[in-house]
file start35.cif (mmCIF, C-alpha atoms)
data_coords
loop_
_atom_site.label_atom_id
_atom_site.label_comp_id
_atom_site.auth_asym_id
_atom_site.auth_seq_id
_atom_site.Cartn_x
_atom_site.Cartn_y
_atom_site.Cartn_z
CA MET A 1 151.86 126.22 138.83
CA GLY A 2 151.39 128.89 141.42
CA GLY A 3 149.18 128.91 144.48
CA LEU A 4 145.92 127.35 145.52
CA HIS A 5 143.69 126.27 142.64
CA MET A 6 139.94 125.81 142.65
CA ASN A 7 138.98 122.69 140.72
CA PRO A 8 136.21 120.16 140.20
CA ARG A 9 136.40 116.65 141.64
CA VAL A 10 136.51 113.32 139.84
CA ARG A 11 134.77 110.11 140.85
CA ILE A 12 136.65 106.99 139.83
CA LYS A 13 134.20 104.35 138.59
CA ALA A 14 136.44 101.53 137.46
CA ILE A 15 140.06 100.45 137.61
CA MET A 16 141.45 97.89 135.18
CA HIS A 17 145.00 96.64 135.00
CA ARG A 18 147.20 93.96 133.61
CA LYS A 19 148.44 91.12 135.75
CA ASP A 20 151.45 92.52 137.64
CA ALA A 21 150.78 95.91 136.14
CA MET A 22 153.55 98.45 136.24
CA TYR A 23 152.89 101.92 137.61
CA TYR A 24 155.53 104.31 136.51
CA ALA A 25 156.00 107.29 138.83
CA LEU A 26 157.77 110.31 137.42
CA GLN A 27 160.93 111.76 138.78
CA MET A 28 159.83 115.35 138.97
CA PRO A 29 160.45 117.91 137.69
CA TRP A 30 162.76 116.98 134.84
CA GLU A 31 161.59 113.66 133.57
CA ASN A 32 158.21 114.88 132.41
CA ILE A 33 159.43 117.92 130.52
CA TRP A 34 161.58 116.49 127.74
CA MET A 35 158.68 115.32 125.63
CA SER A 36 157.12 118.77 125.72
CA ALA A 37 159.91 120.24 123.60
CA PRO A 38 159.03 118.67 120.23
CA ILE A 39 155.42 119.77 120.68
CA TYR A 40 156.38 123.41 121.13
CA GLU A 41 159.09 123.22 118.49
CA ALA A 42 156.45 122.01 116.05
CA ALA A 43 154.17 124.93 117.02
CA ALA A 44 157.10 127.35 116.66
CA ARG A 45 157.93 126.00 113.24
CA ARG A 46 154.31 126.45 112.16
CA VAL A 47 153.92 130.06 113.36
CA LEU A 48 157.28 131.12 111.90
CA PHE A 49 156.24 129.64 108.57
CA GLU A 50 152.96 131.53 108.73
CA ALA A 51 154.79 134.75 109.62
CA GLY A 52 157.00 134.28 106.58
CA VAL A 53 160.19 134.08 108.64
CA ARG A 54 162.93 131.78 107.39
CA ARG A 55 163.92 129.74 110.42
CA ASN A 56 167.28 128.10 110.86
CA ALA A 57 166.87 126.22 114.15
CA ILE A 58 164.47 126.21 117.10
CA SER A 59 165.15 125.22 120.70
CA VAL A 60 162.50 125.02 123.41
CA THR A 61 165.08 125.21 126.15
CA PRO A 62 165.51 122.77 129.06
CA GLY A 63 165.99 125.76 131.37
CA GLY A 64 162.51 126.88 130.38
CA CYS A 65 161.17 123.42 131.27
CA CYS A 66 161.00 122.57 127.53
CA HIS A 67 157.78 124.54 127.62
CA TRP A 68 157.96 128.27 128.41
CA HIS A 69 160.99 129.65 126.56
CA ILE A 70 161.93 129.52 122.89
CA VAL A 71 165.24 130.36 121.25
CA ALA A 72 165.13 130.53 117.46
CA SER A 73 167.81 131.38 114.94
CA ILE A 74 166.58 132.88 111.70
CA LYS A 75 167.89 133.82 108.29
CA LYS A 76 166.79 137.37 108.81
CA ALA A 77 165.38 139.94 106.46
CA PRO A 78 164.45 143.45 107.65
CA GLY A 79 161.66 143.25 110.26
CA ASP A 80 161.92 139.50 110.65
CA GLY A 81 163.26 139.65 114.22
CA LYS A 82 160.21 141.52 115.47
CA ASN A 83 157.82 139.37 113.46
CA ALA A 84 159.43 136.18 114.75
CA ILE A 85 159.14 137.36 118.37
CA LEU A 86 155.48 138.30 118.03
CA ALA A 87 154.65 135.08 116.17
CA LEU A 88 156.32 132.90 118.81
CA LEU A 89 154.71 134.78 121.72
CA SER A 90 151.33 133.97 120.18
CA ILE A 91 151.84 130.28 121.06
CA ALA A 92 149.92 129.40 124.23
CA ASP A 93 152.09 129.34 127.39
CA ILE A 94 155.18 130.91 125.83
CA LYS A 95 156.71 133.45 128.22
CA ARG A 96 160.06 134.34 126.69
CA VAL A 97 161.39 134.42 123.16
CA THR A 98 164.95 134.98 122.02
CA ILE A 99 165.73 135.44 118.33
CA VAL A 100 169.32 135.16 117.16
CA ASP A 101 171.18 135.15 113.86
CA ASP A 102 171.65 131.87 112.04
CA ASP A 103 175.32 131.59 113.01
CA ILE A 104 174.35 131.17 116.67
CA ASP A 105 173.86 127.64 118.05
CA VAL A 106 170.44 127.78 119.71
CA PHE A 107 171.25 124.58 121.62
CA ASP A 108 174.27 126.20 123.29
CA PRO A 109 173.11 128.55 126.11
CA VAL A 110 176.54 130.20 126.20
CA ASP A 111 176.39 131.01 122.50
CA VAL A 112 172.87 132.41 122.86
CA GLU A 113 173.75 134.50 125.91
CA TRP A 114 176.79 135.85 124.08
CA ALA A 115 174.56 136.95 121.19
CA VAL A 116 172.15 138.66 123.60
CA ALA A 117 174.94 140.24 125.67
CA THR A 118 176.64 141.74 122.66
CA LEU A 119 173.30 142.81 121.17
CA ARG A 120 174.37 141.96 117.69
CA ALA A 121 170.95 142.75 116.27
CA SER A 122 170.98 146.43 117.18
CA ARG A 123 171.36 148.12 120.51
CA PRO A 124 168.13 150.18 120.69
CA ARG A 125 165.98 147.29 119.52
CA CYS A 126 167.10 144.49 121.76
CA ALA A 127 166.91 141.00 120.28
CA HIS A 128 165.47 139.69 123.51
CA CYS A 129 161.85 140.14 124.47
CA SER A 130 160.03 139.09 127.63
CA MET B 1 148.93 112.55 143.38
CA ILE B 2 148.54 110.68 140.13
CA THR B 3 150.32 112.44 137.33
CA GLY B 4 152.48 112.11 134.26
CA ARG B 5 152.81 109.27 131.78
CA ARG B 6 149.09 109.08 131.83
CA ARG B 7 146.80 110.29 129.20
CA HIS B 8 143.28 111.47 129.83
CA CYS B 9 140.63 111.21 127.25
CA ALA B 10 137.22 112.75 127.32
CA GLU B 11 134.48 112.97 124.78
CA ASP B 12 132.24 115.88 123.97
CA PRO B 13 129.08 115.19 121.96
CA GLU B 14 130.00 117.85 119.45
CA PHE B 15 133.80 117.98 119.44
CA GLY B 16 134.65 114.31 119.91
CA ILE B 17 137.56 112.97 121.90
CA ASN B 18 140.26 115.08 123.53
CA ALA B 19 143.46 113.66 124.95
CA GLY B 20 145.64 115.55 127.39
CA ILE B 21 147.65 115.24 130.58
CA TYR B 22 146.19 116.50 133.85
CA ARG B 23 146.96 116.09 137.53
CA LEU B 24 144.75 114.12 139.90
CA MET B 25 145.14 114.56 143.66
CA LEU B 26 143.70 111.71 145.69
CA LYS B 27 141.18 113.18 148.16
CA GLU B 28 139.27 110.18 149.46
CA ARG B 29 138.43 106.68 148.34
CA ASN B 30 137.43 106.88 144.65
CA ILE B 31 137.50 110.70 144.69
CA THR B 32 140.28 112.85 143.27
CA GLY B 33 140.70 116.42 142.16
CA ILE B 34 141.59 117.30 138.59
CA ASP B 35 143.71 120.31 137.78
CA ILE B 36 141.97 121.99 134.85
CA VAL B 37 142.45 125.64 135.73
CA THR B 38 144.24 126.81 132.61
CA PRO B 39 142.38 127.16 129.30
CA ASN B 40 142.40 123.77 127.60
CA ASN B 41 140.01 121.54 125.76
CA MET B 42 139.34 119.31 128.79
CA ARG B 43 138.26 122.37 130.75
CA LYS B 44 136.05 123.45 127.88
CA PHE B 45 134.41 120.00 127.74
CA ALA B 46 133.84 120.05 131.51
CA GLU B 47 132.33 123.54 131.39
CA ARG B 48 129.97 122.47 128.61
CA ALA B 49 128.88 119.40 130.59
CA LEU B 50 128.45 121.50 133.75
CA ALA B 51 126.20 123.94 131.90
CA LYS B 52 123.94 120.97 131.16
CA GLU B 53 124.37 119.67 134.75
CA GLU B 54 125.66 116.37 133.44
CA ALA B 55 128.36 114.31 135.01
CA PHE B 56 131.20 114.45 132.56
CA ALA B 57 132.41 111.12 131.27
CA ASP B 58 136.13 110.90 131.47
CA PHE B 59 138.78 108.26 131.60
CA TYR B 60 142.47 107.84 132.23
CA PHE B 61 145.02 105.29 131.31
CA ASP B 62 148.28 104.88 133.04
CA ARG B 63 151.49 103.60 131.64
CA ALA B 64 150.58 103.33 128.02
CA PRO B 65 153.12 101.29 126.09
CA HIS B 66 155.15 104.02 124.43
CA PRO B 67 156.07 107.71 124.67
CA TYR B 68 154.31 108.23 121.34
CA GLU B 69 150.98 108.47 123.17
CA LEU B 70 152.48 110.86 125.71
CA VAL B 71 153.92 113.15 123.05
CA ALA B 72 150.67 113.06 121.08
CA SER B 73 148.61 113.92 124.17
CA THR B 74 150.89 116.84 125.00
CA PHE B 75 150.17 118.40 121.62
CA LYS B 76 147.51 121.08 121.83
CA ALA B 77 145.45 120.21 118.79
CA ASN B 78 142.61 122.40 117.66
CA LEU B 79 139.24 121.69 119.21
CA GLY B 80 137.67 118.78 117.39
CA VAL B 81 140.98 117.04 116.61
CA ASN B 82 141.70 113.90 118.64
CA GLU B 83 145.35 114.13 119.71
CA LEU B 84 145.63 110.34 119.84
CA THR B 85 145.50 110.23 116.07
CA PHE B 86 149.01 111.71 116.12
CA ALA B 87 150.23 108.71 118.13
CA GLY B 88 149.22 106.50 115.22
CA GLY B 89 150.95 108.90 112.86
CA LEU B 90 154.20 108.82 114.87
CA ARG B 91 154.19 105.03 114.98
CA ASN B 92 153.04 104.77 111.38
CA GLU B 93 150.36 102.28 112.28
CA PRO B 94 146.93 102.57 113.92
CA LEU B 95 146.74 102.83 117.71
CA ARG B 96 145.11 99.74 119.24
CA LEU B 97 142.03 100.67 121.30
CA ALA B 98 139.63 98.73 123.52
CA ASP B 99 136.14 99.51 124.78
CA GLY B 100 135.70 101.16 128.17
CA GLU B 101 133.85 99.25 130.91
CA THR B 102 131.82 102.07 132.44
CA VAL B 103 132.35 105.01 130.09
CA PRO B 104 131.52 105.17 126.38
CA ILE B 105 135.06 106.05 125.35
CA PRO B 106 137.76 103.67 124.12
CA CYS B 107 141.03 103.27 126.01
CA ILE B 108 144.47 102.23 124.78
CA ALA B 109 144.41 98.45 124.49
CA ASP B 110 148.04 98.00 125.55
CA ALA B 111 147.85 100.22 128.66
CA GLU B 112 149.10 98.80 131.96
CA ILE B 113 146.46 100.48 134.11
CA VAL B 114 143.20 102.15 133.14
CA LEU B 115 141.13 104.32 135.44
CA GLU B 116 137.63 105.29 134.38
CA GLY B 117 135.68 108.05 135.98
CA GLU B 118 133.72 111.24 135.62
CA ILE B 119 134.20 114.86 136.50
CA LEU B 120 131.46 115.61 139.00
CA PRO B 121 129.08 118.41 137.98
CA GLU B 122 130.00 120.64 140.91
CA GLY B 123 132.05 123.31 139.21
CA TRP B 124 135.37 124.84 140.20
CA VAL B 125 134.67 124.87 143.95
CA HIS B 126 137.22 122.57 145.57
CA PRO B 127 140.61 123.92 146.70
CA GLU B 128 143.65 122.01 145.43
CA GLY B 129 147.38 122.54 145.72
CA PRO B 130 149.38 124.70 145.84
CA PHE B 131 151.40 122.93 143.18
CA SER B 132 155.08 123.45 142.59
#
call {"tool": "encode", "arguments": {"input": "start35.cif", "output": "structure tokens"}}
result
Amino acid sequence: MGGLHMNPRVRIKAIMHRKDAMYYALQMPWENIWMSAPIYEAAARRVLFEAGVRRNAISVTPGGCCHWHIVASIKKAPGDGKNAILALLSIADIKRVTIVDDDIDVFDPVDVEWAVATLRASRPRCAHCS
Amino acid sequence: MITGRRRHCAEDPEFGINAGIYRLMLKERNITGIDIVTPNNMRKFAERALAKEEAFADFYFDRAPHPYELVASTFKANLGVNELTFAGGLRNEPLRLADGETVPIPCIADAEIVLEGEILPEGWVHPEGPFS
């Protein structure tokens, strides 16, 4: 990510391989991101449980590289939207959190955008936090 | 650049083995960079080794047999928890390991390619990137 990094160096001491070993090169950037989603969805599930928020569904979105952005639908009680946002932002690397009602399909970006655009939660306290 | 589908493991005398995924940029024969800028357990292990001016034992294995190991390595477990244990949990049977040749850390027995090496005790002094 970003610009020039300052890093240590590594000295390779040994290389071992199978006969006719296969080296699999990734097709960047998409191929390496899919497996990140379940990791962050598991973390999201844990922090929402600890915050006492009843989750419905969690999506770590492909548009957020299955890494940076979370959309969660919750069975809300008063204050749960704010608590869910703060809990999810506490996960390392998470940049953007969107909390929607449990009748919104978190895996449908159009459905989620519609919920945000119409601000169904309440207009002064936007359901979308960056 | 050597990246992706490759797990790195390193061992700290106190916290045990850490598995994660990091980028290596080939710089010269047998020398690469390693991108450990962000806070992670590998960086913490390397900082602890650097404070003692020790070369930091480290190894990599490419093309392990199944995405289970990749998913497990991506998980950011608490310090002291070896992420590879989750690979065994996902598969519901123990992960097969083999001894390293030059480092005192086991590697995945069914890997296609294994690289062993060490993070040199030089600190964060070599420019790398920019990455996309």
call {"tool": "closest_residue", "arguments": {"input": "start35.cif", "among": "A:His5, A:Arg45, A:Lys19, A:Lys95", "to": "Ala72 in chain A", "atoms": "all atoms listed in the file"}}
result
A:Arg45
call {"tool": "closest_residue", "arguments": {"input": "start35.cif", "among": "B:Ala111, B:Val103, B:Leu84, B:Leu95", "to": "Ala72 in chain B", "atoms": "all atoms listed in the file"}}
result
B:Leu84
call {"tool": "closest_residue", "arguments": {"input": "start35.cif", "among": "B:Thr74, B:Thr38, B:Asn92, B:Asn18", "to": "chain A", "atoms": "only C-alpha atoms"}}
result
B:Thr74
call {"tool": "closest_residue", "arguments": {"input": "start35.cif", "among": "B:Arg91, B:Lys27, B:Lys44, B:His126", "to": "chain A", "atoms": "only C-alpha atoms"}}
result
B:His126
call {"tool": "atom_distance", "arguments": {"input": "start35.cif", "atom1": "CA of Ala14 in chain A", "atom2": "CA of Asp12 in chain B"}}
result
20.1 Å
call {"tool": "closest_residue", "arguments": {"input": "start35.cif", "among": "A:Leu4, A:Ile15, A:Val71, A:Val10", "to": "Glu116 in chain B", "atoms": "all atoms listed in the file"}}
result
A:Ile15
call {"tool": "interface_residues", "arguments": {"input": "start35.cif", "of": "chain B", "to": "chain A", "cutoff": "7 Å", "atoms": "only C-alpha atoms", "output": "PyMOL selection string"}}
result
chain B and resi 4+30-37+63+71+74-75+102+112-120+122-132
call {"tool": "resolve_selection", "arguments": {"input": "start35.cif", "expression": "the PyMOL selection byres ((chain B and resi 97) around 7)", "output": "PyMOL selection string"}}
result
chain B and resi 95-96+98-99+106-109
call {"tool": "write_last_selection", "arguments": {"input": "start35.cif", "atoms": "C-alpha atoms", "output": "PDB file, in the coordinates of the input"}}
result
ATOM      1  CA  LEU B  95     146.740 102.830 117.710  1.00  0.00           C
ATOM      2  CA  ARG B  96     145.110  99.740 119.240  1.00  0.00           C
ATOM      3  CA  ALA B  98     139.630  98.730 123.520  1.00  0.00           C
ATOM      4  CA  ASP B  99     136.140  99.510 124.780  1.00  0.00           C
ATOM      5  CA  PRO B 106     137.760 103.670 124.120  1.00  0.00           C
ATOM      6  CA  CYS B 107     141.030 103.270 126.010  1.00  0.00           C
ATOM      7  CA  ILE B 108     144.470 102.230 124.780  1.00  0.00           C
ATOM      8  CA  ALA B 109     144.410  98.450 124.490  1.00  0.00           C
TER       9      ALA B 109
END
call {"tool": "atom_distance", "arguments": {"input": "start35.cif", "atom1": "CA of Glu113 in chain A", "atom2": "CA of Leu86 in chain A"}}
result
20.3 Å
call {"tool": "residues_around", "arguments": {"input": "start35.cif", "residues": "Lys76 in chain A", "least_positions_apart": "6", "cutoff": "12 Å", "atoms": "all atoms listed in the file", "output": "mmCIF file with C-alpha atoms, in the coordinates of the input"}}
result
data_model
loop_
_atom_site.group_PDB
_atom_site.id
_atom_site.type_symbol
_atom_site.label_atom_id
_atom_site.label_comp_id
_atom_site.auth_asym_id
_atom_site.auth_seq_id
_atom_site.Cartn_x
_atom_site.Cartn_y
_atom_site.Cartn_z
ATOM 1 C CA LEU A 48 157.280 131.120 111.900
ATOM 2 C CA GLY A 52 157.000 134.280 106.580
ATOM 3 C CA VAL A 53 160.190 134.080 108.640
ATOM 4 C CA ARG A 54 162.930 131.780 107.390
ATOM 5 C CA ARG A 55 163.920 129.740 110.420
ATOM 6 C CA ASN A 56 167.280 128.100 110.860
ATOM 7 C CA LYS A 82 160.210 141.520 115.470
ATOM 8 C CA ASN A 83 157.820 139.370 113.460
ATOM 9 C CA ALA A 84 159.430 136.180 114.750
ATOM 10 C CA ILE A 99 165.730 135.440 118.330
ATOM 11 C CA VAL A 100 169.320 135.160 117.160
ATOM 12 C CA ASP A 101 171.180 135.150 113.860
ATOM 13 C CA ASP A 102 171.650 131.870 112.040
ATOM 14 C CA ASP A 103 175.320 131.590 113.010
ATOM 15 C CA ALA A 121 170.950 142.750 116.270
#
call {"tool": "residues_around", "arguments": {"input": "start35.cif", "residues": "Ala19 in chain B", "least_positions_apart": "2", "cutoff": "12 Å", "atoms": "all atoms listed in the file", "output": "VMD selection string"}}
result
chain B and resid 6 to 12 15 to 17 21 to 22 40 to 43 45 58 to 61 69 to 87 105 to 108
call {"tool": "atom_distance", "arguments": {"input": "start35.cif", "atom1": "CA of Ala117 in chain A", "atom2": "CA of Val97 in chain A"}}
result
15.0 Å
call {"tool": "closest_residue", "arguments": {"input": "start35.cif", "among": "A:Ala44, A:Ile94, A:Ile85, A:Val106", "to": "Ser59 in chain A", "atoms": "all atoms listed in the file"}}
result
A:Val106
call {"tool": "axis_aligned_box", "arguments": {"input": "start35.cif", "around": "range 115-119 of chain B", "padding_each_side": "8 Å", "output": "AutoDock Vina command-line options"}}
result
--center_x 137.4 --center_y 109.6 --center_z 135.4 --size_x 23.4 --size_y 26.5 --size_z 18.1
